[in-house]
Each structure stands twice: as C-alpha cells, then as structure tokens.
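Each remark here refers to the structure printed beneath this line.
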Amino acid sequence: MIYNQWYVILESKELKRNKPLRIKRLNRNLALWRDKEGNIGCIDDKCCHRGVSLSCGKIVDGKLECPFHGFIYNKSGIVEVIPAIGKNRKPPETMKVQAYKTFEAFGLIWLWWGDDDKVTTEPFFFKELGSFSYSSFKDHWNVHYSRAIENQLDVVHLPFVHKTTIGRGNKTLVNGPVVIRDKELITFYVYNIEDDGKTVPLKPDEIADYERLFHLQFHYPNIWQNYISDKIRAFAAFVPVDEENSIVYIRYYQNLIRIPLLKELMNYIGKISSIIILRQDKRVVITQLPVKSSAKMDERLIMGDKPIVEYRKHREELMER
Ligand code: FES
Ligand SMILES: [Fe+2]
C-alpha cells in the first residue's frame, strides 16, 4: 500500500452510533466506533492486555470498553481505566494500542495510513458530487486493490467484457488514449472506434481536441469517477482489505432529477445497471494472476494500456517517496 495517504475505507452508514464495528482494511483488523456526537474512534482491534477483539466490547461514554476485563480505551488508543487497579489509578503508559486518524465527509470514511506528522488536513474528493444524489453498493473481490483499480483504467476491455452493456457497438480499435496526470489525479480520454480493417489507431499526441472526448478520472490512492455527463457520474472506491482481497464501493450519482421518488427510482435503476456492469468486470478480473500488480511484471502491454502504465509508474514513485 502507498504510505502517507488517506484511504477511503468505509461508507458512513456502515458505522452505527451504538455498536462498535470490526473491519479488516490495509491488512489490519480495526475496531471502529462513534461517540454520542458521531465522532469516530479507530484503533487496532486487539486489546493490549490479553489480545481480545475490542470491537466485541461496548461503547461507554464515547470510549471503547474491552469485553474481557473492562479496560477502557479512548480514541487515541490509550487505556484510561483499568477497573482491576481502581478508577483512581492511572494505567501505565505502555497500556495502549495503535490508533488511526479518520476523516468523514460525503458519506464516506477515510483512514490516514501514514505518519502522524505528515497528515494532510483533508483527503481529496470529487467535490462537485456533493450536490448530486446517489445510490450505492459494495462488492468483495478476491484481488489486491491495484487490480480492481486497473480494471477501471482499462479502456481496451470495453467491447469484450461489456459487449452487452457499456461496450456495445464493437468499438475494438483503441485510439490513444490521452492520459493526463496532474499530481495525484489521472484523467484519461477514451476514443475507441469500430475497426474498418484499414485504420491504424492514433497515438495519444495525434488526437486533436481530446477534451471533447468522454473521460474518466482516478485519484490516488483509491477513488475514481466515470464522467458520464455533467449530471451523471459513476464513482468507485477500491478499498484494500489485505494483499489478496479488496472491497469495491460503487455509487451512481446524478443531478438530473431532484423530485422525490422519481429521484430514488432513477438512482435505483442506476444502481442495478452498475451492479450488472461490475459483475461483468469481476468475472474476469478475479482470474488475473498475479492478484497484485506492480510496475515490473510479466505482462506485455499495448498502447491502449497507457492509463494502467501511468497508474503503475506513479504508484511506484509514491511508494518510493
Ligand atoms: S483482554 Fe482486554 S481487558 Fe483484558
Ligand atoms: Fe469494466
């Protein structure tokens, strides 16, 4: 995983007010909970006393109580109370577990994976989506999250994997694509056409007016949007669970219809079509080997794979930093 980054790890609605939650993310078992104000605590899910899962405990005055011997943890992962030594005595400083900074906005929860002194105030998001309405779902994939990401950067697969849906029209010839990276944001413009048997694909720098083309965006480390139109988007967060598992969160966003019921209906239809499309992807991506991608690996890439090449290259740069 790339260090010193904010990762989307969860949707806000998954973390309830009254119950701690156990999740595995970034190769760690985590215990999350909310205090009365809704503020989030996120610590390693293993009690420093005798190794019990803290997420099986309960929330007491906004803190997390271990179910075994009642040690009470605050949001910094520090044990504030050991009942057996009395409420009046301060526990030794060694009584603590790792705590993680979180950030919540747009119905998503991010986790800071990195050094505390490097933390940036807030993660990147496609902020314009804040005025859209959406429907969402998630799906578990048996691949490293890099594979799930690369699938959504892959413009070559459309007429094959999505022949019956978004890849209709047999546009197998891949011009470009044009790939622009601005710091941690990659934008790529898709220009696939039908093959008449005589045309050779244009190189990225031969495509004029590429801005008019359909485009998609990926922001490191794990979010993506498909810019279907000014008012319709597909959004995804590719959440790392461990080296061989990830959870793909998908949202269908629209700003066309705001009338209640009609809006929900449209979002529901958007969700169902997204589920169908993602299933088409999953069927092939979970068979990819190795389950994790890297900059140097035994794959013979072609020009159309440029977004994937750029993703791997910059990912490597971020890993080295
Ligand atoms: S194992 Fe958690 S308090 Fe003892
Ligand atoms: Fe796809």
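Within each chain, counting starts at residue 1; across the structure tokens, chains are named A, B, ... in the order shown, with ligands numbered 1 upward in that order.
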Let me have all residues with an atom within 8 Å of ligand 1, counting only C-alpha atoms and all ligand atoms, laid out as a PyMOL selection string. chain A and resi 46-54+65-72+82
Generate a file of the selected residues that holds C-alpha atoms, formatted as an mmCIF file, in the first residue's frame.
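What ended up in part.cif:
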```cif
data_model
loop_
_atom_site.group_PDB
_atom_site.id
_atom_site.type_symbol
_atom_site.label_atom_id
_atom_site.label_comp_id
_atom_site.auth_asym_id
_atom_site.auth_seq_id
_atom_site.Cartn_x
_atom_site.Cartn_y
_atom_site.Cartn_z
ATOM 1 C CA LYS A 46 -6.632 -6.320 19.707
ATOM 2 C CA CYS A 47 -6.604 -5.497 23.387
ATOM 3 C CA CYS A 48 -3.102 -4.854 24.701
ATOM 4 C CA HIS A 49 -3.974 -6.803 27.882
ATOM 5 C CA ARG A 50 -4.837 -10.316 26.685
ATOM 6 C CA GLY A 51 -5.455 -9.985 22.962
ATOM 7 C CA VAL A 52 -9.234 -9.936 22.842
ATOM 8 C CA SER A 53 -11.096 -8.301 19.963
ATOM 9 C CA LEU A 54 -12.050 -4.824 21.182
ATOM 10 C CA GLU A 65 -14.600 -0.927 26.741
ATOM 11 C CA CYS A 66 -12.873 -4.285 26.280
ATOM 12 C CA PRO A 67 -15.337 -7.150 26.819
ATOM 13 C CA PHE A 68 -12.822 -9.283 28.768
ATOM 14 C CA HIS A 69 -11.624 -7.250 31.785
ATOM 15 C CA GLY A 70 -13.197 -3.896 31.113
ATOM 16 C CA PHE A 71 -10.143 -1.796 30.154
ATOM 17 C CA ILE A 72 -11.373 1.462 28.665
ATOM 18 C CA ILE A 82 -8.157 -0.499 34.313
#
```
Residues at most 9 Å from ligand 2, using only C-alpha atoms and all ligand atoms? Could they come as a list in words? Asn151, Gln152, Leu153, Asp154, Val155, His157, Leu158, Val161, His162, Ile166, Gly167, Ile277, Leu278, Arg279, Gln280, Asp281 and Lys282 of chain A
Export, as a compact mmCIF listing (two decimals), in the first residue's frame, the selected residues with C-alpha atoms.
```txt
# COMPACT_ATOMS: atom_id res chain seq x y z
CA ASN A 151 -9.75 -2.66 -14.35
CA GLN A 152 -11.42 0.75 -14.17
CA LEU A 153 -8.50 2.32 -16.04
CA ASP A 154 -8.74 -0.27 -18.79
CA VAL A 155 -10.28 1.14 -21.98
CA HIS A 157 -11.69 -4.31 -22.35
CA LEU A 158 -14.92 -2.45 -23.03
CA VAL A 161 -16.22 -7.63 -21.19
CA HIS A 162 -19.11 -5.21 -21.64
CA ILE A 166 -21.43 -0.07 -21.94
CA GLY A 167 -19.20 -1.74 -24.56
CA ILE A 277 -21.59 -3.87 -15.30
CA LEU A 278 -19.40 -4.56 -12.28
CA ARG A 279 -20.32 -8.25 -12.38
CA GLN A 280 -19.07 -8.40 -15.94
CA ASP A 281 -15.75 -6.95 -14.77
CA LYS A 282 -15.45 -9.16 -11.71
```
If you run DSSP on the backbone, which residues of stretch 213-271 of chain A are strand (DSSP E), as an MDAnalysis selection string? chainID A and resid 214:219 223:229 232:242 245:254
Atom-to-atom span, atom CA of A:Leu30 and atom CA of A:Asn245, Å: 15.6 Å
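Using only C-alpha atoms for every distance, the candidate list A:Lys58, A:Lys101, A:Arg34, A:Arg251 yields A:Arg251 as the residue closest to A:Phe238.
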All residues 8 Å or closer to A:Lys203, only C-alpha atoms, same chain fewer than 2 positions away omitted, as an MDAnalysis selection string: chainID A and resid 175:177 201 205:207 303
Please, could you write that set of residues out with all heavy atoms as an mmCIF file, in the first residue's frame?
```
data_model
loop_
_atom_site.group_PDB
_atom_site.id
_atom_site.type_symbol
_atom_site.label_atom_id
_atom_site.label_comp_id
_atom_site.auth_asym_id
_atom_site.auth_seq_id
_atom_site.Cartn_x
_atom_site.Cartn_y
_atom_site.Cartn_z
ATOM 1 N N ASN A 175 -7.915 4.274 -30.043
ATOM 2 C CA ASN A 175 -7.051 5.432 -30.300
ATOM 3 C C ASN A 175 -6.509 5.920 -28.956
ATOM 4 O O ASN A 175 -7.222 5.930 -27.963
ATOM 5 C CB ASN A 175 -7.856 6.556 -30.948
ATOM 6 C CG ASN A 175 -8.255 6.219 -32.362
ATOM 7 O OD1 ASN A 175 -7.414 6.016 -33.228
ATOM 8 N ND2 ASN A 175 -9.555 6.138 -32.607
ATOM 9 N N GLY A 176 -5.252 6.376 -28.983
ATOM 10 C CA GLY A 176 -4.679 6.871 -27.725
ATOM 11 C C GLY A 176 -4.552 5.770 -26.708
ATOM 12 O O GLY A 176 -3.983 4.730 -27.023
ATOM 13 N N PRO A 177 -5.155 5.906 -25.537
ATOM 14 C CA PRO A 177 -5.894 7.085 -25.060
ATOM 15 C C PRO A 177 -4.957 8.201 -24.578
ATOM 16 O O PRO A 177 -3.785 7.960 -24.336
ATOM 17 C CB PRO A 177 -6.698 6.526 -23.882
ATOM 18 C CG PRO A 177 -5.936 5.345 -23.412
ATOM 19 C CD PRO A 177 -5.207 4.790 -24.589
ATOM 20 N N PRO A 201 -4.645 2.855 -35.223
ATOM 21 C CA PRO A 201 -5.046 3.760 -34.135
ATOM 22 C C PRO A 201 -4.142 4.987 -34.037
ATOM 23 O O PRO A 201 -2.938 4.900 -34.292
ATOM 24 C CB PRO A 201 -4.926 2.888 -32.890
ATOM 25 C CG PRO A 201 -4.140 1.691 -33.275
ATOM 26 C CD PRO A 201 -4.270 1.516 -34.737
ATOM 27 N N ASP A 205 -0.662 11.655 -28.907
ATOM 28 C CA ASP A 205 -0.383 13.046 -29.313
ATOM 29 C C ASP A 205 -0.926 13.385 -30.699
ATOM 30 O O ASP A 205 -0.778 14.497 -31.185
ATOM 31 C CB ASP A 205 1.113 13.361 -29.197
ATOM 32 C CG ASP A 205 1.961 12.424 -30.037
ATOM 33 O OD1 ASP A 205 1.375 11.611 -30.787
ATOM 34 O OD2 ASP A 205 3.202 12.501 -29.940
ATOM 35 N N GLU A 206 -1.560 12.429 -31.356
ATOM 36 C CA GLU A 206 -2.183 12.707 -32.659
ATOM 37 C C GLU A 206 -3.674 13.021 -32.520
ATOM 38 O O GLU A 206 -4.344 13.311 -33.499
ATOM 39 C CB GLU A 206 -2.019 11.496 -33.589
ATOM 40 C CG GLU A 206 -0.580 11.257 -33.994
ATOM 41 C CD GLU A 206 -0.378 9.908 -34.711
ATOM 42 O OE1 GLU A 206 -1.245 9.022 -34.588
ATOM 43 O OE2 GLU A 206 0.660 9.756 -35.362
ATOM 44 N N ILE A 207 -4.156 12.946 -31.315
ATOM 45 C CA ILE A 207 -5.589 13.195 -31.109
ATOM 46 C C ILE A 207 -5.809 14.670 -30.790
ATOM 47 O O ILE A 207 -5.387 15.163 -29.742
ATOM 48 C CB ILE A 207 -6.147 12.311 -29.967
ATOM 49 C CG1 ILE A 207 -5.929 10.836 -30.299
ATOM 50 C CG2 ILE A 207 -7.622 12.601 -29.728
ATOM 51 C CD1 ILE A 207 -6.288 9.877 -29.182
ATOM 52 N N MET A 303 -0.420 -0.089 -26.504
ATOM 53 C CA MET A 303 -0.609 1.365 -26.387
ATOM 54 C C MET A 303 -1.881 1.722 -25.609
ATOM 55 O O MET A 303 -1.888 2.639 -24.793
ATOM 56 C CB MET A 303 -0.645 2.012 -27.786
ATOM 57 C CG MET A 303 -0.705 3.525 -27.761
ATOM 58 S SD MET A 303 -0.568 4.242 -29.407
ATOM 59 C CE MET A 303 -2.207 3.933 -30.059
#
```
Can you pull out every residue within 10 Å of A:His144, counting only C-alpha atoms, but drop anything in the same chain fewer than 5 positions away, and send it as a ChimeraX atom specification? /A:1,149,238-247,286,290-293
Name the residues of stretch 34-202 of chain A that fall into alpha helix (DSSP H) according to DSSP on the backbone, using the chain letters and numbers of this document, as a compact mmCIF listing (two decimals) with N, CA and C atoms, in the first residue's frame.
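out31.txt, written as the output of this step:
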```
# COMPACT_ATOMS: atom_id res chain seq x y z
N TYR A 145 -6.19 -4.58 -4.29
CA TYR A 145 -6.97 -3.44 -4.79
C TYR A 145 -6.38 -2.81 -6.05
N SER A 146 -5.08 -3.02 -6.30
CA SER A 146 -4.47 -2.47 -7.52
C SER A 146 -5.11 -3.09 -8.77
N ARG A 147 -5.49 -4.34 -8.71
CA ARG A 147 -6.12 -4.99 -9.85
C ARG A 147 -7.52 -4.43 -10.10
N ALA A 148 -8.23 -4.18 -9.02
CA ALA A 148 -9.58 -3.61 -9.15
C ALA A 148 -9.48 -2.20 -9.76
N ILE A 149 -8.47 -1.45 -9.34
CA ILE A 149 -8.28 -0.10 -9.89
C ILE A 149 -7.95 -0.19 -11.38
N GLU A 150 -6.99 -1.02 -11.71
CA GLU A 150 -6.56 -1.09 -13.11
C GLU A 150 -7.70 -1.49 -14.04
N ASN A 151 -8.61 -2.29 -13.52
CA ASN A 151 -9.75 -2.66 -14.35
C ASN A 151 -10.56 -1.43 -14.76
N GLN A 152 -10.64 -0.45 -13.85
CA GLN A 152 -11.42 0.75 -14.17
C GLN A 152 -10.60 1.78 -14.95
N LEU A 158 -13.50 -2.81 -22.92
CA LEU A 158 -14.92 -2.45 -23.03
C LEU A 158 -15.74 -3.29 -24.03
N PRO A 159 -15.30 -3.43 -25.31
CA PRO A 159 -16.15 -4.16 -26.26
C PRO A 159 -16.20 -5.67 -26.01
N PHE A 160 -15.33 -6.16 -25.12
CA PHE A 160 -15.32 -7.61 -24.86
C PHE A 160 -16.05 -7.94 -23.57
N VAL A 161 -15.60 -7.35 -22.49
CA VAL A 161 -16.22 -7.63 -21.19
C VAL A 161 -17.64 -7.06 -21.13
```
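Residues lying within 7 Å of A:Asn255, counting only C-alpha atoms and ignoring same-chain neighbours fewer than 4 positions away, are A:Phe132, A:Ser133, A:Lys231, A:Ile232.
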Considering only C-alpha atoms, return as a PyMOL selection string whatever protein or nucleic-acid residues lie within 10 Å of stretch 91-99 of chain A, sequence-local ones (same chain, fewer than 2 positions apart) excluded. chain A and resi 30-31+41-49+71+73-83+85-89+101-102
Restricting the output to N, CA and C atoms, write the selected residues as a PDB file, in the first residue's frame.
```pdb
ATOM      1  N   LEU A  30      -9.348  -3.748  12.466  1.00  0.00           N
ATOM      2  CA  LEU A  30      -9.621  -2.470  13.112  1.00  0.00           C
ATOM      3  C   LEU A  30     -10.934  -2.515  13.875  1.00  0.00           C
ATOM      4  N   ALA A  31     -10.963  -1.779  14.991  1.00  0.00           N
ATOM      5  CA  ALA A  31     -12.212  -1.577  15.729  1.00  0.00           C
ATOM      6  C   ALA A  31     -12.607  -0.119  15.562  1.00  0.00           C
ATOM      7  N   GLY A  41     -13.863   6.774  16.479  1.00  0.00           N
ATOM      8  CA  GLY A  41     -12.637   6.211  17.033  1.00  0.00           C
ATOM      9  C   GLY A  41     -12.229   5.046  16.144  1.00  0.00           C
ATOM     10  N   CYS A  42     -10.931   4.898  15.910  1.00  0.00           N
ATOM     11  CA  CYS A  42     -10.465   3.799  15.061  1.00  0.00           C
ATOM     12  C   CYS A  42      -9.130   3.313  15.606  1.00  0.00           C
ATOM     13  N   ILE A  43      -9.119   2.095  16.156  1.00  0.00           N
ATOM     14  CA  ILE A  43      -7.888   1.560  16.765  1.00  0.00           C
ATOM     15  C   ILE A  43      -7.707   0.095  16.354  1.00  0.00           C
ATOM     16  N   ASP A  44      -6.507  -0.413  16.570  1.00  0.00           N
ATOM     17  CA  ASP A  44      -6.260  -1.834  16.280  1.00  0.00           C
ATOM     18  C   ASP A  44      -7.195  -2.683  17.137  1.00  0.00           C
ATOM     19  N   ASP A  45      -7.740  -3.706  16.494  1.00  0.00           N
ATOM     20  CA  ASP A  45      -8.774  -4.493  17.159  1.00  0.00           C
ATOM     21  C   ASP A  45      -8.181  -5.631  18.002  1.00  0.00           C
ATOM     22  N   LYS A  46      -7.245  -5.281  18.869  1.00  0.00           N
ATOM     23  CA  LYS A  46      -6.632  -6.320  19.707  1.00  0.00           C
ATOM     24  C   LYS A  46      -6.219  -5.683  21.024  1.00  0.00           C
ATOM     25  N   CYS A  47      -6.870  -6.089  22.081  1.00  0.00           N
ATOM     26  CA  CYS A  47      -6.604  -5.497  23.387  1.00  0.00           C
ATOM     27  C   CYS A  47      -5.155  -5.756  23.808  1.00  0.00           C
ATOM     28  N   CYS A  48      -4.516  -4.712  24.315  1.00  0.00           N
ATOM     29  CA  CYS A  48      -3.102  -4.854  24.701  1.00  0.00           C
ATOM     30  C   CYS A  48      -2.959  -5.736  25.954  1.00  0.00           C
ATOM     31  N   HIS A  49      -4.040  -5.977  26.665  1.00  0.00           N
ATOM     32  CA  HIS A  49      -3.974  -6.803  27.882  1.00  0.00           C
ATOM     33  C   HIS A  49      -3.841  -8.285  27.538  1.00  0.00           C
ATOM     34  N   PHE A  71     -11.036  -2.933  30.416  1.00  0.00           N
ATOM     35  CA  PHE A  71     -10.143  -1.796  30.154  1.00  0.00           C
ATOM     36  C   PHE A  71     -10.868  -0.822  29.221  1.00  0.00           C
ATOM     37  N   TYR A  73     -10.618   2.213  26.505  1.00  0.00           N
ATOM     38  CA  TYR A  73      -9.740   2.876  25.524  1.00  0.00           C
ATOM     39  C   TYR A  73     -10.364   4.175  25.037  1.00  0.00           C
ATOM     40  N   ASN A  74      -9.516   5.205  24.925  1.00  0.00           N
ATOM     41  CA  ASN A  74     -10.001   6.428  24.272  1.00  0.00           C
ATOM     42  C   ASN A  74      -9.660   6.394  22.777  1.00  0.00           C
ATOM     43  N   LYS A  75      -9.990   7.473  22.082  1.00  0.00           N
ATOM     44  CA  LYS A  75      -9.814   7.473  20.624  1.00  0.00           C
ATOM     45  C   LYS A  75      -8.346   7.502  20.208  1.00  0.00           C
ATOM     46  N   SER A  76      -7.458   7.830  21.163  1.00  0.00           N
ATOM     47  CA  SER A  76      -6.022   7.793  20.846  1.00  0.00           C
ATOM     48  C   SER A  76      -5.436   6.408  21.093  1.00  0.00           C
ATOM     49  N   GLY A  77      -6.306   5.462  21.454  1.00  0.00           N
ATOM     50  CA  GLY A  77      -5.836   4.093  21.676  1.00  0.00           C
ATOM     51  C   GLY A  77      -5.218   3.885  23.045  1.00  0.00           C
ATOM     52  N   ILE A  78      -5.352   4.881  23.904  1.00  0.00           N
ATOM     53  CA  ILE A  78      -4.742   4.811  25.237  1.00  0.00           C
ATOM     54  C   ILE A  78      -5.749   4.255  26.250  1.00  0.00           C
ATOM     55  N   VAL A  79      -5.273   3.346  27.091  1.00  0.00           N
ATOM     56  CA  VAL A  79      -6.144   2.805  28.138  1.00  0.00           C
ATOM     57  C   VAL A  79      -6.267   3.853  29.244  1.00  0.00           C
ATOM     58  N   GLU A  80      -7.474   4.306  29.495  1.00  0.00           N
ATOM     59  CA  GLU A  80      -7.689   5.333  30.522  1.00  0.00           C
ATOM     60  C   GLU A  80      -8.052   4.727  31.865  1.00  0.00           C
ATOM     61  N   VAL A  81      -8.699   3.575  31.797  1.00  0.00           N
ATOM     62  CA  VAL A  81      -9.137   2.947  33.056  1.00  0.00           C
ATOM     63  C   VAL A  81      -8.867   1.445  33.024  1.00  0.00           C
ATOM     64  N   ILE A  82      -8.255   0.946  34.091  1.00  0.00           N
ATOM     65  CA  ILE A  82      -8.157  -0.499  34.313  1.00  0.00           C
ATOM     66  C   ILE A  82      -8.971  -0.771  35.578  1.00  0.00           C
ATOM     67  N   PRO A  83     -10.175  -1.320  35.447  1.00  0.00           N
ATOM     68  CA  PRO A  83     -11.034  -1.479  36.624  1.00  0.00           C
ATOM     69  C   PRO A  83     -10.360  -2.225  37.771  1.00  0.00           C
ATOM     70  N   ILE A  85      -7.400  -2.134  38.893  1.00  0.00           N
ATOM     71  CA  ILE A  85      -6.485  -1.353  39.752  1.00  0.00           C
ATOM     72  C   ILE A  85      -7.193  -0.127  40.336  1.00  0.00           C
ATOM     73  N   GLY A  86      -8.453   0.015  39.983  1.00  0.00           N
ATOM     74  CA  GLY A  86      -9.241   1.115  40.552  1.00  0.00           C
ATOM     75  C   GLY A  86      -9.280   2.324  39.636  1.00  0.00           C
ATOM     76  N   LYS A  87     -10.424   2.971  39.618  1.00  0.00           N
ATOM     77  CA  LYS A  87     -10.623   4.125  38.734  1.00  0.00           C
ATOM     78  C   LYS A  87      -9.665   5.266  39.050  1.00  0.00           C
ATOM     79  N   ASN A  88      -9.191   5.308  40.271  1.00  0.00           N
ATOM     80  CA  ASN A  88      -8.349   6.416  40.704  1.00  0.00           C
ATOM     81  C   ASN A  88      -6.901   6.324  40.257  1.00  0.00           C
ATOM     82  N   ARG A  89      -6.514   5.122  39.859  1.00  0.00           N
ATOM     83  CA  ARG A  89      -5.104   4.967  39.468  1.00  0.00           C
ATOM     84  C   ARG A  89      -4.928   5.036  37.957  1.00  0.00           C
ATOM     85  N   LYS A 101      -6.059   8.071  12.450  1.00  0.00           N
ATOM     86  CA  LYS A 101      -6.852   9.264  12.176  1.00  0.00           C
ATOM     87  C   LYS A 101      -7.876   8.939  11.089  1.00  0.00           C
ATOM     88  N   THR A 102      -9.070   9.478  11.279  1.00  0.00           N
ATOM     89  CA  THR A 102     -10.094   9.278  10.251  1.00  0.00           C
ATOM     90  C   THR A 102     -10.652  10.622   9.826  1.00  0.00           C
TER      91      THR A 102
END
```
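Pairwise distance (atom CA of A:Glu184, atom CA of A:Phe137) equals 25.5 Å.
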Stretch 111-124 of chain A environment, 6 Å, only C-alpha atoms, sequence neighbours closer than 2 positions dropped, as a ChimeraX atom specification: /A:3-7,101-102
Same residues, N, CA and C atoms, saved as a PDB file, in the first residue's frame:
```
ATOM      1  N   TYR A   3       2.158   4.588   1.284  1.00  0.00           N
ATOM      2  CA  TYR A   3       2.167   5.152   2.627  1.00  0.00           C
ATOM      3  C   TYR A   3       1.871   6.653   2.575  1.00  0.00           C
ATOM      4  N   ASN A   4       1.460   7.213   3.697  1.00  0.00           N
ATOM      5  CA  ASN A   4       1.124   8.636   3.809  1.00  0.00           C
ATOM      6  C   ASN A   4       0.018   9.060   2.839  1.00  0.00           C
ATOM      7  N   GLN A   5      -1.080   8.395   2.948  1.00  0.00           N
ATOM      8  CA  GLN A   5      -2.240   8.677   2.098  1.00  0.00           C
ATOM      9  C   GLN A   5      -3.523   8.507   2.918  1.00  0.00           C
ATOM     10  N   TRP A   6      -4.546   9.220   2.482  1.00  0.00           N
ATOM     11  CA  TRP A   6      -5.893   8.988   3.001  1.00  0.00           C
ATOM     12  C   TRP A   6      -6.561   7.929   2.136  1.00  0.00           C
ATOM     13  N   TYR A   7      -7.009   6.857   2.732  1.00  0.00           N
ATOM     14  CA  TYR A   7      -7.734   5.815   2.008  1.00  0.00           C
ATOM     15  C   TYR A   7      -9.211   5.833   2.386  1.00  0.00           C
ATOM     16  N   LYS A 101      -6.059   8.071  12.450  1.00  0.00           N
ATOM     17  CA  LYS A 101      -6.852   9.264  12.176  1.00  0.00           C
ATOM     18  C   LYS A 101      -7.876   8.939  11.089  1.00  0.00           C
ATOM     19  N   THR A 102      -9.070   9.478  11.279  1.00  0.00           N
ATOM     20  CA  THR A 102     -10.094   9.278  10.251  1.00  0.00           C
ATOM     21  C   THR A 102     -10.652  10.622   9.826  1.00  0.00           C
TER      22      THR A 102
END
```
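Atom pair atom CA of A:Ala234 / atom CA of A:Ala105: separated by 17.8 Å.
Using only C-alpha atoms, the smallest distance between any of A:Arg212, A:Arg168, A:Lys16, A:Arg181 and A:Lys36 comes from A:Lys16.
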Tell me, counting only C-alpha atoms, for each residue of stretch 218-308 of chain A within 8 Å of stretch 186-194 of chain A, which pair of atoms is nearest and how far apart they are in Å to one decimal, in rows ordered by chain and increasing number, as JSON lines.
```
{"residue": "A:Phe218", "atom": "CA", "partner": "A:Ile186", "partner_atom": "CA", "distance": 5.1}
{"residue": "A:His219", "atom": "CA", "partner": "A:Ile186", "partner_atom": "CA", "distance": 6.3}
{"residue": "A:Pro307", "atom": "CA", "partner": "A:Phe188", "partner_atom": "CA", "distance": 6.7}
```
Using the selection just defined, write its residues with N, CA and C atoms as a PDB file, in the first residue's frame.
```pdb
ATOM      1  N   PHE A 218      -9.044   9.140 -12.068  1.00  0.00           N
ATOM      2  CA  PHE A 218      -8.644   8.355 -10.893  1.00  0.00           C
ATOM      3  C   PHE A 218      -7.793   9.247  -9.995  1.00  0.00           C
ATOM      4  N   HIS A 219      -8.053   9.200  -8.710  1.00  0.00           N
ATOM      5  CA  HIS A 219      -7.207   9.925  -7.771  1.00  0.00           C
ATOM      6  C   HIS A 219      -6.602   8.935  -6.782  1.00  0.00           C
ATOM      7  N   PRO A 307      -3.262   4.232 -19.566  1.00  0.00           N
ATOM      8  CA  PRO A 307      -3.685   4.643 -18.209  1.00  0.00           C
ATOM      9  C   PRO A 307      -3.144   3.703 -17.130  1.00  0.00           C
TER      10      PRO A 307
END
```
